[in-house]
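Printed here is protein-v9.cif (mmCIF, C-alpha atoms):
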data_model
loop_
_atom_site.label_atom_id
_atom_site.label_comp_id
_atom_site.auth_asym_id
_atom_site.auth_seq_id
_atom_site.Cartn_x
_atom_site.Cartn_y
_atom_site.Cartn_z
CA MET A 1 13.45 4.74 6.34
CA SER A 2 12.45 4.82 2.71
CA VAL A 3 13.72 2.21 0.27
CA LYS A 4 17.30 1.03 -0.30
CA LEU A 5 18.25 -0.90 -3.41
CA ASN A 6 21.42 -2.88 -3.94
CA THR A 7 22.05 -4.54 -7.29
CA ARG A 8 24.42 -7.50 -7.68
CA GLN A 9 25.16 -10.01 -10.41
CA VAL A 10 24.98 -13.77 -9.85
CA GLY A 11 26.01 -15.42 -13.12
CA ASP A 12 23.67 -13.99 -15.73
CA VAL A 13 20.97 -13.15 -13.17
CA THR A 14 20.71 -9.64 -11.76
CA VAL A 15 19.60 -9.64 -8.13
CA ILE A 16 18.13 -6.49 -6.60
CA ASP A 17 18.13 -6.56 -2.81
CA VAL A 18 15.32 -4.26 -1.67
CA ALA A 19 15.08 -2.98 1.91
CA GLY A 20 12.64 -0.60 3.59
CA ARG A 21 9.31 0.74 2.42
CA ILE A 22 7.96 0.60 -1.12
CA THR A 23 5.31 3.29 -0.96
CA LEU A 24 4.04 6.13 -3.12
CA GLY A 25 6.81 8.65 -3.73
CA GLU A 26 10.49 7.96 -3.37
CA GLY A 27 10.15 4.26 -2.59
CA SER A 28 8.12 3.22 -5.60
CA SER A 29 9.89 5.56 -8.04
CA ALA A 30 13.32 4.25 -6.99
CA LEU A 31 12.25 0.69 -7.77
CA ARG A 32 10.68 1.75 -11.08
CA ASP A 33 13.85 3.61 -12.12
CA ALA A 34 16.10 0.70 -11.18
CA LEU A 35 14.06 -1.85 -13.15
CA ARG A 36 13.76 0.38 -16.22
CA ASP A 37 17.48 1.08 -16.13
CA LEU A 38 18.27 -2.65 -16.07
CA VAL A 39 15.88 -3.36 -18.94
CA THR A 40 17.34 -0.49 -20.96
CA ARG A 41 20.82 -1.95 -20.42
CA GLY A 42 19.65 -5.33 -21.73
CA HIS A 43 19.30 -7.29 -18.49
CA LYS A 44 16.82 -10.12 -19.06
CA LYS A 45 16.93 -12.13 -15.84
CA ILE A 46 16.01 -10.13 -12.79
CA LEU A 47 15.41 -11.42 -9.27
CA LEU A 48 13.83 -9.03 -6.75
CA ASN A 49 14.83 -9.95 -3.21
CA LEU A 50 12.09 -8.48 -0.99
CA GLY A 51 13.29 -10.11 2.23
CA GLU A 52 13.99 -6.78 3.94
CA VAL A 53 10.88 -4.98 2.73
CA SER A 54 9.01 -3.89 5.84
CA TYR A 55 6.05 -2.26 4.15
CA ILE A 56 4.44 -2.01 0.74
CA ASP A 57 1.31 -0.09 -0.25
CA SER A 58 -0.93 -0.27 -3.32
CA SER A 59 1.46 2.02 -5.19
CA GLY A 60 4.32 -0.36 -4.40
CA ILE A 61 2.24 -3.30 -5.58
CA GLY A 62 1.58 -1.33 -8.75
CA GLU A 63 5.33 -0.90 -9.23
CA LEU A 64 5.90 -4.65 -8.88
CA VAL A 65 3.24 -5.24 -11.55
CA SER A 66 4.68 -2.50 -13.74
CA GLY A 67 8.16 -3.96 -13.40
CA PHE A 68 6.89 -7.43 -14.20
CA THR A 69 5.19 -6.12 -17.35
CA THR A 70 8.18 -4.03 -18.42
CA VAL A 71 10.63 -6.92 -18.05
CA THR A 72 8.30 -9.47 -19.66
CA ASN A 73 7.55 -7.19 -22.61
CA SER A 74 11.29 -6.83 -23.22
CA GLY A 75 11.61 -10.61 -23.45
CA GLY A 76 12.98 -11.04 -19.94
CA GLN A 77 11.87 -12.60 -16.67
CA LEU A 78 11.22 -10.93 -13.31
CA LYS A 79 10.96 -13.20 -10.27
CA LEU A 80 10.45 -12.53 -6.58
CA LEU A 81 12.50 -13.86 -3.67
CA ASN A 82 12.01 -13.98 0.12
CA LEU A 83 8.60 -12.42 0.56
CA THR A 84 7.81 -11.33 4.10
CA LYS A 85 4.49 -12.55 5.48
CA ARG A 86 3.06 -9.06 5.04
CA VAL A 87 4.00 -8.81 1.36
CA LYS A 88 2.92 -12.39 0.70
CA ASP A 89 -0.49 -11.72 2.30
CA LEU A 90 -0.92 -8.61 0.16
CA LEU A 91 -0.06 -10.45 -3.05
CA GLN A 92 -2.48 -13.21 -2.09
CA ILE A 93 -5.48 -10.99 -1.37
CA THR A 94 -4.86 -9.05 -4.60
CA LYS A 95 -4.58 -12.39 -6.47
CA LEU A 96 -1.10 -11.47 -7.71
CA TYR A 97 0.72 -14.25 -5.89
CA THR A 98 0.15 -16.65 -8.76
CA VAL A 99 1.09 -14.04 -11.36
CA PHE A 100 4.65 -13.84 -10.06
CA ASP A 101 7.16 -16.66 -9.88
CA VAL A 102 7.96 -16.57 -6.15
CA HIS A 103 10.95 -18.29 -4.52
CA GLU A 104 12.18 -18.75 -0.95
CA ASP A 105 15.71 -19.92 -1.74
CA GLU A 106 18.09 -17.74 -3.72
CA ALA A 107 20.11 -20.56 -5.24
CA ALA A 108 16.94 -22.31 -6.43
CA ALA A 109 15.60 -19.02 -7.75
CA ILE A 110 18.81 -18.41 -9.72
CA ARG A 111 18.63 -21.93 -11.19
CA SER A 112 14.99 -21.46 -12.19
CA PHE A 113 15.88 -18.86 -14.83
CA GLU A 114 16.05 -20.48 -18.24
CA MET B 1 -9.47 -7.12 18.11
CA ARG B 2 -8.53 -5.26 21.25
CA ASP B 3 -9.20 -5.70 24.94
CA LYS B 4 -12.15 -3.45 25.84
CA GLN B 5 -11.14 -3.38 29.52
CA ARG B 6 -8.21 -1.11 28.66
CA HIS B 7 -10.33 1.45 26.83
CA VAL B 8 -9.53 5.11 27.43
CA PRO B 9 -11.54 7.47 25.16
CA GLU B 10 -9.42 9.65 22.89
CA ALA B 11 -10.20 11.85 19.89
CA VAL B 12 -8.13 14.12 17.67
CA GLU B 13 -8.81 16.17 14.56
CA ARG B 14 -6.27 17.72 12.20
CA LEU B 15 -6.45 19.89 9.09
CA LEU B 16 -3.64 18.62 6.87
CA ASP B 17 -1.90 19.94 3.78
CA SER B 18 -2.24 17.98 0.56
CA THR B 19 1.24 16.47 0.68
CA LEU B 20 2.81 13.03 1.00
CA GLU B 21 4.22 14.17 4.37
CA SER B 22 0.61 14.46 5.55
CA VAL B 23 0.03 10.86 4.45
CA ASP B 24 2.92 9.72 6.65
CA SER B 25 1.88 11.82 9.65
CA ALA B 26 -1.77 10.70 9.46
CA GLU B 27 -0.71 7.06 9.31
CA GLU B 28 1.66 7.49 12.26
CA LEU B 29 -0.96 9.30 14.35
CA ALA B 30 -3.67 6.69 13.67
CA VAL B 31 -1.34 3.79 14.44
CA ARG B 32 -0.13 5.40 17.69
CA MET B 33 -3.71 5.93 18.83
CA ALA B 34 -4.70 2.40 17.81
CA GLN B 35 -1.73 1.10 19.76
CA ARG B 36 -2.84 3.02 22.86
CA ALA B 37 -6.35 1.67 22.27
CA GLY B 38 -4.99 -1.85 22.65
CA PHE B 39 -5.10 -3.21 19.10
CA GLY B 40 -2.68 -6.01 18.26
CA GLU B 41 0.11 -5.99 15.67
CA ASP B 42 -2.00 -7.36 12.79
CA ASP B 43 -4.74 -4.79 13.33
CA LEU B 44 -2.19 -1.98 13.64
CA ILE B 45 -0.79 -2.86 10.24
CA LYS B 46 -4.25 -3.03 8.70
CA ILE B 47 -5.34 0.27 10.24
CA GLY B 48 -2.10 1.94 9.12
CA MET B 49 -2.42 0.71 5.57
CA ALA B 50 -6.11 1.65 5.34
CA VAL B 51 -5.29 5.17 6.55
CA ARG B 52 -2.34 5.44 4.15
CA GLU B 53 -4.42 4.35 1.15
CA SER B 54 -7.28 6.69 2.10
CA MET B 55 -4.93 9.61 2.63
CA VAL B 56 -3.23 8.97 -0.71
CA ASN B 57 -6.64 9.01 -2.38
CA ALA B 58 -7.48 12.31 -0.67
CA VAL B 59 -4.13 14.03 -1.34
CA VAL B 60 -3.37 12.69 -4.81
CA HIS B 61 -6.70 11.90 -6.48
CA GLY B 62 -9.01 14.22 -4.50
CA ASN B 63 -7.06 17.39 -3.79
CA ARG B 64 -4.43 16.74 -6.49
CA TYR B 65 -1.65 18.05 -4.24
CA SER B 66 -3.26 21.52 -4.29
CA ALA B 67 -1.87 23.94 -1.72
CA ASN B 68 -5.33 25.50 -1.56
CA ARG B 69 -7.11 22.30 -0.58
CA LYS B 70 -6.88 20.62 2.80
CA VAL B 71 -7.58 17.17 4.17
CA ARG B 72 -9.68 16.96 7.34
CA PHE B 73 -8.43 13.99 9.34
CA SER B 74 -9.96 12.74 12.57
CA VAL B 75 -9.53 9.69 14.76
CA SER B 76 -11.72 8.67 17.68
CA ASN B 77 -11.30 5.76 19.99
CA GLY B 78 -14.83 4.92 21.17
CA ALA B 79 -15.89 2.19 23.54
CA ASP B 80 -16.80 -0.28 20.80
CA ARG B 81 -15.14 1.10 17.69
CA PHE B 82 -12.03 2.88 16.47
CA THR B 83 -13.12 5.39 13.83
CA ILE B 84 -11.09 7.37 11.30
CA ARG B 85 -12.56 10.02 9.01
CA ILE B 86 -10.69 11.49 6.06
CA ALA B 87 -12.31 14.21 3.97
CA ASP B 88 -10.83 15.94 0.93
CA GLN B 89 -11.97 18.98 -1.06
CA GLY B 90 -11.69 17.41 -4.50
CA GLU B 91 -14.12 16.76 -7.31
CA GLY B 92 -15.12 13.28 -6.13
CA PHE B 93 -15.28 10.11 -8.17
CA ASP B 94 -17.82 7.58 -9.37
CA LEU B 95 -17.69 4.67 -6.93
CA GLU B 96 -20.03 2.58 -9.08
CA ASN B 97 -17.60 2.51 -11.98
CA LEU B 98 -14.44 1.48 -10.14
CA PRO B 99 -12.92 -1.51 -11.95
CA ASP B 100 -12.71 -4.76 -9.96
CA PRO B 101 -8.95 -5.22 -9.28
CA LEU B 102 -9.45 -8.99 -8.91
CA ALA B 103 -10.98 -9.44 -12.37
CA PRO B 104 -8.55 -11.37 -14.60
CA GLU B 105 -8.44 -8.55 -17.14
CA ASN B 106 -7.44 -6.07 -14.39
CA LEU B 107 -4.81 -8.11 -12.54
CA LEU B 108 -1.92 -6.49 -14.37
CA ARG B 109 -3.18 -2.95 -13.96
CA THR B 110 -0.66 -0.82 -12.10
CA SER B 111 -3.30 1.04 -10.05
CA GLY B 112 -6.83 0.68 -8.73
CA ARG B 113 -6.24 -1.52 -5.66
CA GLY B 114 -6.41 1.13 -2.91
CA ILE B 115 -10.12 1.02 -2.09
CA PHE B 116 -10.16 -2.76 -2.37
CA LEU B 117 -7.35 -2.96 0.22
CA ILE B 118 -9.07 -0.46 2.52
CA ARG B 119 -12.25 -2.54 2.47
CA SER B 120 -10.27 -5.71 3.06
CA PHE B 121 -8.50 -4.30 6.12
CA MET B 122 -11.32 -2.52 7.97
CA ASP B 123 -14.57 -3.77 9.49
CA GLU B 124 -16.51 -0.90 7.93
CA CYS B 125 -15.70 1.51 5.11
CA GLU B 126 -18.15 4.17 4.02
CA ILE B 127 -17.37 6.56 1.17
CA ARG B 128 -19.68 9.47 0.57
CA ARG B 129 -19.81 12.67 -1.42
CA LEU B 130 -19.96 15.74 0.80
CA GLU B 131 -22.58 18.44 0.12
CA SER B 132 -19.83 21.03 0.45
CA GLY B 133 -17.83 19.20 -2.24
CA GLY B 134 -15.16 16.59 -1.74
CA THR B 135 -15.25 13.02 -0.56
CA GLU B 136 -15.31 11.66 2.98
CA VAL B 137 -14.12 8.19 3.89
CA THR B 138 -15.12 6.71 7.25
CA LEU B 139 -13.09 3.72 8.41
CA VAL B 140 -14.07 1.61 11.40
CA LYS B 141 -12.30 -1.16 13.29
CA TYR B 142 -14.36 -2.91 15.93
CA ALA B 143 -13.04 -3.11 19.47
CA VAL B 144 -14.47 -6.62 19.69
CA SER B 145 -14.94 -8.87 16.67
CA LYS B 146 -18.58 -9.35 15.77
#
Write the structure described by the file as structure tokens, please.
Amino acid sequence: MSVKLNTRQVGDVTVIDVAGRITLGEGSSALRDALRDLVTRGHKKILLNLGEVSYIDSSGIGELVSGFTTVTNSGGQLKLLNLTKRVKDLLQITKLYTVFDVHEDEAAAIRSFE
Amino acid sequence: MRDKQRHVPEAVERLLDSTLESVDSAEELAVRMAQRAGFGEDDLIKIGMAVRESMVNAVVHGNRYSANRKVRFSVSNGADRFTIRIADQGEGFDLENLPDPLAPENLLRTSGRGIFLIRSFMDECEIRRLESGGTEVTLVKYAVSK
């Protein structure tokens, strides 16, 4: 299974539920396209729910960073929700865990957007 | 770490096309063999990711998806070590000048973490330029932790 993305709106926060593998090719490009599309359409508060992400490689990590930069540069905020242990470990060893605002509870994550 | 008592020697070698499908098949093959060799879930994930990152380097950065260039992929399950070799036919790269992905100024780079992850996940990682051209990566996971 590659990646599946489902976008939903909770108040003024756009939540993207991501499931599957974020790897070089279809997985990482789908995420990149989705984030760029949201930014282009003026969405400023984006929450990436990675709870169902089974696998992410260095290309996928690069897409998370790219998305973070794209959203931030447009004046928005990109936050992460429900990291699996595997994704959390990867973000920790690459020292990116502290770069992202990471949440474990969706309601709290939604409230954290200013 | 795996249980050495269960060791059954096994070795395979494949000549793969420079495609993303080859990346997937190499990862699957290495993980299946590592599973048969008795490695646990954590090690299987690390071995799979190290193979994936190495294959991506070979296919994308080494051979540049060329239909004329192949990737030589081999896995051997020895008594004390599980060894994977991945060799491309590309132009090679300067290992000395790879940016440190953990340096503060590089944290927000969108690439450059592959070799760092490979080294983090495996017990040994040797990268060398082949005399015939291309780059060979040798990845090793110990059967018993040192």
### Task
Apply the PyMOL selection byres ((chain A and resi 106) around 9) to the file shown and report the selected residues as a ChimeraX atom specification.
/A:47,49,81-82,103-105,107-111
Could you please take those selected residues and save C-alpha atoms as a compact mmCIF listing (two decimals), keeping the file's coordinate frame?
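Final file, selection.txt:
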# COMPACT_ATOMS: atom_id res chain seq x y z
CA LEU A 47 15.41 -11.42 -9.27
CA ASN A 49 14.83 -9.95 -3.21
CA LEU A 81 12.50 -13.86 -3.67
CA ASN A 82 12.01 -13.98 0.12
CA HIS A 103 10.95 -18.29 -4.52
CA GLU A 104 12.18 -18.75 -0.95
CA ASP A 105 15.71 -19.92 -1.74
CA ALA A 107 20.11 -20.56 -5.24
CA ALA A 108 16.94 -22.31 -6.43
CA ALA A 109 15.60 -19.02 -7.75
CA ILE A 110 18.81 -18.41 -9.72
CA ARG A 111 18.63 -21.93 -11.19
Shell around region 134-139 of chain B at 6 Å using only C-alpha atoms, local window under 5 positions removed, as an mmCIF file with C-alpha atoms, in the coordinates of the input:
data_model
loop_
_atom_site.group_PDB
_atom_site.id
_atom_site.type_symbol
_atom_site.label_atom_id
_atom_site.label_comp_id
_atom_site.auth_asym_id
_atom_site.auth_seq_id
_atom_site.Cartn_x
_atom_site.Cartn_y
_atom_site.Cartn_z
ATOM 1 C CA THR B 83 -13.120 5.390 13.830
ATOM 2 C CA ILE B 84 -11.090 7.370 11.300
ATOM 3 C CA ARG B 85 -12.560 10.020 9.010
ATOM 4 C CA ILE B 86 -10.690 11.490 6.060
ATOM 5 C CA ALA B 87 -12.310 14.210 3.970
ATOM 6 C CA ASP B 88 -10.830 15.940 0.930
ATOM 7 C CA GLN B 89 -11.970 18.980 -1.060
ATOM 8 C CA GLY B 90 -11.690 17.410 -4.500
ATOM 9 C CA GLU B 91 -14.120 16.760 -7.310
ATOM 10 C CA GLY B 92 -15.120 13.280 -6.130
ATOM 11 C CA GLU B 124 -16.510 -0.900 7.930
ATOM 12 C CA CYS B 125 -15.700 1.510 5.110
ATOM 13 C CA GLU B 126 -18.150 4.170 4.020
ATOM 14 C CA ILE B 127 -17.370 6.560 1.170
ATOM 15 C CA ARG B 128 -19.680 9.470 0.570
ATOM 16 C CA ARG B 129 -19.810 12.670 -1.420
#
### Message
So that I can check the surroundings of Asn73 (chain A), please list as a VMD selection string every protein, DNA and RNA residue that reaches within 12 Å of it, counting all atoms listed in the file and ignoring chain neighbours fewer than 4 positions away.
### Response
chain A and resid 36 39 to 40 44 66 to 69 77 to 78
### Task
Apply the PyMOL selection byres ((chain A) within 8 of (chain B)) to the file shown and report the selected residues as a VMD selection string.
chain A and resid 25 57 to 59 61 to 63 65 to 66 69 94 to 96
### Query
How many Å lie between CA of Ser18 (chain B) and CA of Glu96 (chain B), rounded to one decimal?
25.4 Å
### Task
For Leu16 (chain B), work out the shell of residues within 10 Å, counting all atoms listed in the file and skipping chain neighbours fewer than 6 positions away, then give it as a list in words.
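Everything that qualifies: Ser22, Val23, Ser25, Ala26, Val59, Arg69, Lys70, Val71, Arg72, Phe73 and Asp88 of chain B.
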With C-alpha atoms retained, export the selected residues as a compact mmCIF listing (two decimals), in the frame of the given file.
# COMPACT_ATOMS: atom_id res chain seq x y z
CA SER B 22 0.61 14.46 5.55
CA VAL B 23 0.03 10.86 4.45
CA SER B 25 1.88 11.82 9.65
CA ALA B 26 -1.77 10.70 9.46
CA VAL B 59 -4.13 14.03 -1.34
CA ARG B 69 -7.11 22.30 -0.58
CA LYS B 70 -6.88 20.62 2.80
CA VAL B 71 -7.58 17.17 4.17
CA ARG B 72 -9.68 16.96 7.34
CA PHE B 73 -8.43 13.99 9.34
CA ASP B 88 -10.83 15.94 0.93
### Task
Could you tell me which of A:Ile22, A:Leu91, A:Ile56, A:Val99 comes closest to Val3 (chain A) if we count only C-alpha atoms?
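Counting only C-alpha atoms, the residue closest to Val3 (chain A) is A:Ile22.
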### Task
Taking the file as shown, find all residues satisfying the PyMOL selection byres ((chain B and resi 75-80) around 10) and write them as a ChimeraX atom specification.
/B:2,4-14,26,29-30,33-34,36-37,73-74,81-86,138-145
### Atom-to-atom span, CA of Lys79 (chain A) and CA of Glu105 (chain B), Å
21.1 Å
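In this structure, CA of Phe93 (chain B) sits 8.9 Å away from CA of His61 (chain B).
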### Task
Tell me which of A:Lys4, A:Lys88, A:Arg32, A:Arg41 sits closest to Thr70 (chain A), counting only C-alpha atoms.
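Closest residue, counting only C-alpha atoms: A:Arg32.
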Quick one: 3 Å padding each side, axis-aligned, all listed atoms of region 11-25 of chain A - centre and edge lengths in Å to one decimal, as AutoDock Vina command-line options?
--center_x 15.0 --center_y -3.4 --center_z -6.1 --size_x 28.0 --size_y 30.1 --size_z 25.3
